[in-house]
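Below is one structure, written out as structure tokens; comments come after it.
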Amino acid sequence: IFERIAHPVKFESLEEALASLKNGEVDAVVLLNETLNETNYIDVYIPKEDVKAVKVIPALRKILMDYQDTLRAYKGIPILRVKAYDLSGKPIDVPEGISIQFRFMYTALIPLIVILTAIILGVYVIDILYEERCLEVLLCCVRLRDVVLAKILAVTFVSAVLTATWLLGLIANGVSINVPLTVLSSYTTYILSVSIAMMVFRFSRNREEAQLVYSLIFIPLILSFLTFDPSPLSLVVKSALSIFDFAIIAFLTIDLLLLFLAVRLAEFAMSKNL
């Protein structure tokens, strides 16, 4: 019965099967001695890599659930079917095992991408603000504020492209994501990171001190966003699911005000060093 449902690759020994699993030739190993009259005991071996295991578990769960239902039908055991409905009474199709993949992809992996990009962005902003080798030459043609804004726009554009690239990589692996809306919502976190970095730059004595203070402020702050809704990170999760929340407008407005203040502070600090 299991062969008819799963169409597995057979091995002569468990050692041979585990070697194929380790080499990536198979996605999982199932060990069982099928019997229709007694209890069947199944041993399952899956990859150690978390990302690969998350992809394997839902498919393997579906196969084992189908196998269980087939055995129950053969033995005359009633099969319990649970249906889900929304508040209007409309049936909801909830695939088996989808919650595992949903929780990992949307509530862990995508926010983590945004968090890492925001931290890298803030540290890099501090680096370029302390980089003054060409500043005097540039000030012959443009204002200091324009130089600061140009640096900020350059790094935030690279961050948006990097985020979109990572999200497209997830899409290539079968994850459904609204990339434009997710990139837009991630800007609420990126602008906040840039603003904090420039404020820290204003009140720090050197690059190392600025990066340390920035990390001590921004990392606890961004992690706290995981605990309440709405927050910049919850907006990222909703956007990935194609859910538009008007809180994006509020957060972007607040971030732009902070950015305006931060630019003035950074401009003042750079003018003092000229």
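Every chain in the structure tokens has a letter given in the order shown (A, B, ...), and although residue numbers restart at 1 in each chain, ligands are simply numbered from 1 in the order shown.
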
Selection: 12 Å around Asp69 of chain A, only C-alpha atoms, excl. self and same-chain fewer than 4 positions, as a VMD selection string: chain A and resid 1 to 2 5 62 to 65 73 to 81

Could you write those residues out with C-alpha atoms, as a compact mmCIF listing (two decimals), in the first residue's frame?
```
# COMPACT_ATOMS: atom_id res chain seq x y z
CA ILE A 1 0.00 0.00 0.00
CA PHE A 2 2.80 2.43 0.89
CA ILE A 5 0.95 5.86 -2.54
CA LYS A 62 0.80 14.25 3.28
CA ILE A 63 2.09 10.86 2.12
CA LEU A 64 1.91 9.40 5.64
CA MET A 65 -1.58 10.83 6.21
CA ALA A 73 -10.27 2.23 5.35
CA TYR A 74 -8.87 -1.28 4.76
CA LYS A 75 -9.37 -2.20 8.43
CA GLY A 76 -12.80 -0.58 8.64
CA ILE A 77 -11.76 2.19 11.03
CA PRO A 78 -13.82 5.41 10.60
CA ILE A 79 -11.87 8.36 9.20
CA LEU A 80 -12.51 11.68 10.98
CA ARG A 81 -12.77 14.60 8.57
```

Among segment 105-215 of chain A, which residues does DSSP mark as helix (DSSP H, G or I) when it is run on the backbone? Keep the chain and numbering as in the structure and answer as a ChimeraX atom specification. /A:105-130,135-138,144-172,179-203,207-215

Neighbouring residues of Thr188 of chain A were defined as those with any atom within 10 Å, considering only C-alpha atoms; residues of the same chain fewer than 5 positions away were excluded. Please report them as a ChimeraX atom specification. /A:118,183,193,231-233,235-236,248-256

Could you write out the selected residues, including all heavy atoms, as a short mmCIF file (atom, residue, chain, number, x, y, z; two decimals), in the first residue's frame?
```cif
data_model
loop_
_atom_site.label_atom_id
_atom_site.label_comp_id
_atom_site.auth_asym_id
_atom_site.auth_seq_id
_atom_site.Cartn_x
_atom_site.Cartn_y
_atom_site.Cartn_z
N ALA A 118 18.73 45.68 7.32
CA ALA A 118 18.65 46.96 8.03
C ALA A 118 19.90 47.20 8.88
O ALA A 118 20.43 48.32 8.93
CB ALA A 118 17.40 47.00 8.90
N VAL A 183 8.90 45.05 -0.45
CA VAL A 183 10.03 45.99 -0.52
C VAL A 183 9.59 47.36 0.02
O VAL A 183 10.33 48.02 0.76
CB VAL A 183 10.56 46.11 -1.95
CG1 VAL A 183 11.59 47.23 -2.06
CG2 VAL A 183 11.18 44.79 -2.40
N SER A 193 16.48 52.62 10.37
CA SER A 193 17.88 52.25 10.60
C SER A 193 18.82 53.38 10.20
O SER A 193 19.76 53.72 10.92
CB SER A 193 18.21 50.98 9.80
OG SER A 193 19.59 50.67 9.88
N SER A 231 3.67 46.84 13.60
CA SER A 231 5.06 47.25 13.73
C SER A 231 5.68 47.14 12.34
O SER A 231 5.10 46.52 11.45
CB SER A 231 5.80 46.36 14.73
OG SER A 231 6.00 45.07 14.19
N PRO A 232 6.85 47.73 12.12
CA PRO A 232 7.49 47.60 10.80
C PRO A 232 7.67 46.17 10.33
O PRO A 232 7.49 45.87 9.15
CB PRO A 232 8.83 48.31 11.01
CG PRO A 232 8.56 49.33 12.06
CD PRO A 232 7.58 48.67 12.99
N LEU A 233 7.98 45.25 11.26
CA LEU A 233 8.18 43.85 10.85
C LEU A 233 6.86 43.15 10.58
O LEU A 233 6.78 42.31 9.68
CB LEU A 233 8.98 43.10 11.91
CG LEU A 233 10.44 43.54 12.07
CD1 LEU A 233 11.15 42.69 13.09
CD2 LEU A 233 11.18 43.47 10.73
N LEU A 235 4.31 44.55 9.36
CA LEU A 235 3.90 45.05 8.05
C LEU A 235 4.60 44.29 6.92
O LEU A 235 4.02 44.05 5.86
CB LEU A 235 4.20 46.55 7.93
CG LEU A 235 3.42 47.48 8.86
CD1 LEU A 235 3.87 48.92 8.67
CD2 LEU A 235 1.92 47.35 8.60
N VAL A 236 5.86 43.91 7.16
CA VAL A 236 6.60 43.12 6.17
C VAL A 236 5.93 41.77 5.96
O VAL A 236 5.76 41.31 4.82
CB VAL A 236 8.07 42.95 6.62
CG1 VAL A 236 8.78 41.94 5.72
CG2 VAL A 236 8.79 44.28 6.59
N ILE A 248 1.26 51.29 7.12
CA ILE A 248 2.48 51.58 6.35
C ILE A 248 2.63 53.07 6.14
O ILE A 248 3.73 53.63 6.28
CB ILE A 248 2.45 50.84 4.99
CG1 ILE A 248 2.54 49.33 5.19
CG2 ILE A 248 3.60 51.31 4.10
CD1 ILE A 248 2.47 48.54 3.90
N ILE A 249 1.53 53.75 5.82
CA ILE A 249 1.58 55.19 5.58
C ILE A 249 2.00 55.93 6.84
O ILE A 249 2.83 56.85 6.81
CB ILE A 249 0.21 55.69 5.08
CG1 ILE A 249 -0.16 54.98 3.77
CG2 ILE A 249 0.22 57.20 4.89
CD1 ILE A 249 -1.55 55.29 3.26
N ALA A 250 1.44 55.52 7.99
CA ALA A 250 1.78 56.16 9.25
C ALA A 250 3.25 55.97 9.59
O ALA A 250 3.95 56.93 9.98
CB ALA A 250 0.89 55.62 10.37
N PHE A 251 3.74 54.74 9.44
CA PHE A 251 5.14 54.47 9.76
C PHE A 251 6.08 55.20 8.81
O PHE A 251 7.13 55.71 9.23
CB PHE A 251 5.42 52.96 9.72
CG PHE A 251 5.02 52.25 10.98
CD1 PHE A 251 3.96 51.36 10.99
CD2 PHE A 251 5.72 52.45 12.16
CE1 PHE A 251 3.58 50.70 12.15
CE2 PHE A 251 5.36 51.79 13.32
CZ PHE A 251 4.28 50.92 13.32
N LEU A 252 5.75 55.26 7.52
CA LEU A 252 6.59 55.98 6.57
C LEU A 252 6.63 57.47 6.90
O LEU A 252 7.68 58.11 6.77
CB LEU A 252 6.08 55.76 5.14
CG LEU A 252 6.42 54.41 4.49
CD1 LEU A 252 5.74 54.30 3.13
CD2 LEU A 252 7.92 54.24 4.35
N THR A 253 5.50 58.03 7.31
CA THR A 253 5.47 59.45 7.68
C THR A 253 6.37 59.72 8.88
O THR A 253 7.16 60.68 8.88
CB THR A 253 4.03 59.88 8.00
OG1 THR A 253 3.18 59.61 6.89
CG2 THR A 253 3.97 61.36 8.34
N ILE A 254 6.26 58.87 9.90
CA ILE A 254 7.12 59.03 11.08
C ILE A 254 8.59 58.88 10.71
O ILE A 254 9.45 59.66 11.16
CB ILE A 254 6.72 58.01 12.16
CG1 ILE A 254 5.30 58.28 12.65
CG2 ILE A 254 7.71 58.03 13.33
CD1 ILE A 254 4.75 57.20 13.57
N ASP A 255 8.89 57.89 9.88
CA ASP A 255 10.28 57.65 9.48
C ASP A 255 10.85 58.82 8.70
O ASP A 255 12.02 59.19 8.87
CB ASP A 255 10.37 56.37 8.64
CG ASP A 255 10.26 55.11 9.49
OD1 ASP A 255 10.42 55.23 10.71
OD2 ASP A 255 10.01 54.03 8.93
N LEU A 256 10.04 59.42 7.82
CA LEU A 256 10.53 60.55 7.04
C LEU A 256 10.80 61.77 7.92
O LEU A 256 11.75 62.52 7.67
CB LEU A 256 9.51 60.90 5.95
CG LEU A 256 9.40 59.87 4.81
CD1 LEU A 256 8.28 60.25 3.84
CD2 LEU A 256 10.72 59.74 4.05
#
```

What's around segment 202-208 of chain A at 7 Å? Count only C-alpha atoms, leave out sequence neighbours fewer than 3 positions away in its own chain, and write the answer as a list in words. Ile126, Asp127, Tyr130, Met198, Met199, Gln211, Leu212, Leu265, Ala266 and Ala269 of chain A

Pick the closest to Thr163 of chain A from A:Ser186, A:Asn33, A:Ser195, A:Ser176: which is it, counting only C-alpha atoms?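 For Thr163 of chain A, the nearest of the candidates is A:Ser186.
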
Given the choices A:Val29, A:Leu14, A:Ala240, A:Ala160, which gets closest to Ile46 of chain A if the distance is worked out from only C-alpha atoms? A:Val29

Could you pull out the residues in segment 62-260 of chain A that DSSP calls strand (DSSP E) from the backbone, as a list in words?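 The strand (DSSP E) subset of segment 62-260 of chain A is Ala84, Tyr85, Pro91 and Ile92 of chain A.
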
Just to be explicit: take each residue in the selection above, keep N, CA, C and O atoms, and write the result as a PDB file, in the first residue's frame.
```
ATOM      1  N   ALA A  84     -12.936  23.402   8.163  1.00  0.00           N
ATOM      2  CA  ALA A  84     -12.800  24.740   8.747  1.00  0.00           C
ATOM      3  C   ALA A  84     -13.686  25.720   7.981  1.00  0.00           C
ATOM      4  O   ALA A  84     -13.828  25.621   6.754  1.00  0.00           O
ATOM      5  N   TYR A  85     -14.266  26.677   8.714  1.00  0.00           N
ATOM      6  CA  TYR A  85     -15.149  27.668   8.113  1.00  0.00           C
ATOM      7  C   TYR A  85     -14.756  29.057   8.615  1.00  0.00           C
ATOM      8  O   TYR A  85     -14.293  29.212   9.749  1.00  0.00           O
ATOM      9  N   PRO A  91     -16.654  27.505   3.637  1.00  0.00           N
ATOM     10  CA  PRO A  91     -15.581  26.535   3.929  1.00  0.00           C
ATOM     11  C   PRO A  91     -14.208  27.071   3.559  1.00  0.00           C
ATOM     12  O   PRO A  91     -14.038  27.793   2.576  1.00  0.00           O
ATOM     13  N   ILE A  92     -13.211  26.729   4.366  1.00  0.00           N
ATOM     14  CA  ILE A  92     -11.824  27.137   4.142  1.00  0.00           C
ATOM     15  C   ILE A  92     -10.997  25.885   3.893  1.00  0.00           C
ATOM     16  O   ILE A  92     -11.058  24.925   4.658  1.00  0.00           O
TER      17      ILE A  92
END
```

Please provide as a PyMOL selection string all residues within 12 Å of Val30 of chain A, with the sequence filter that same-chain residues fewer than 4 positions apart are discarded (counting only C-alpha atoms). chain A and resi 2-3+6-11+13-14+17-18+21+26+34+41-46+60-61+63-64

Near Lys238 of chain A, counting only C-alpha atoms, which residues have an atom at most 10 Å away, once you skip same-chain residues fewer than 3 positions from it, shown as a VMD selection string? chain A and resid 106 to 107 177 to 178 181 to 182 185 230 233 to 235 241 to 245

Using Å and a single decimal, report how far atom CA of Val200 of chain A sits from atom CA of Val213 of chain A.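 Going from atom CA of Val213 of chain A over to atom CA of Val200 of chain A covers 6.9 Å.
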
Using only C-alpha atoms for the distances, tell me which of A:Asp146, A:Gln68, A:Ala164, A:Leu258 is nearest to Ile113 of chain A. A:Ala164

For segment 214-223 of chain A, please output as a list of chain:residue names all residues within 8 Å (counting only C-alpha atoms; exclusion window: fewer than 3 positions along the same chain).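 The filter keeps A:Ile115, A:Ile119, A:Gly122, A:Val123, A:Ser193, A:Ile196, A:Ala197, A:Val200, A:Ala210, A:Gln211, A:Leu226, A:Thr227.
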
Counting only C-alpha atoms, which of A:Val161, A:Ile152, A:Val194, A:Leu116 gets nearest to Pro180 of chain A?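 Smallest distance to Pro180 of chain A is found for A:Val161.
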
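Pairwise distance (atom CA of Tyr187 of chain A, atom CA of Ile171 of chain A) equals 20.1 Å.
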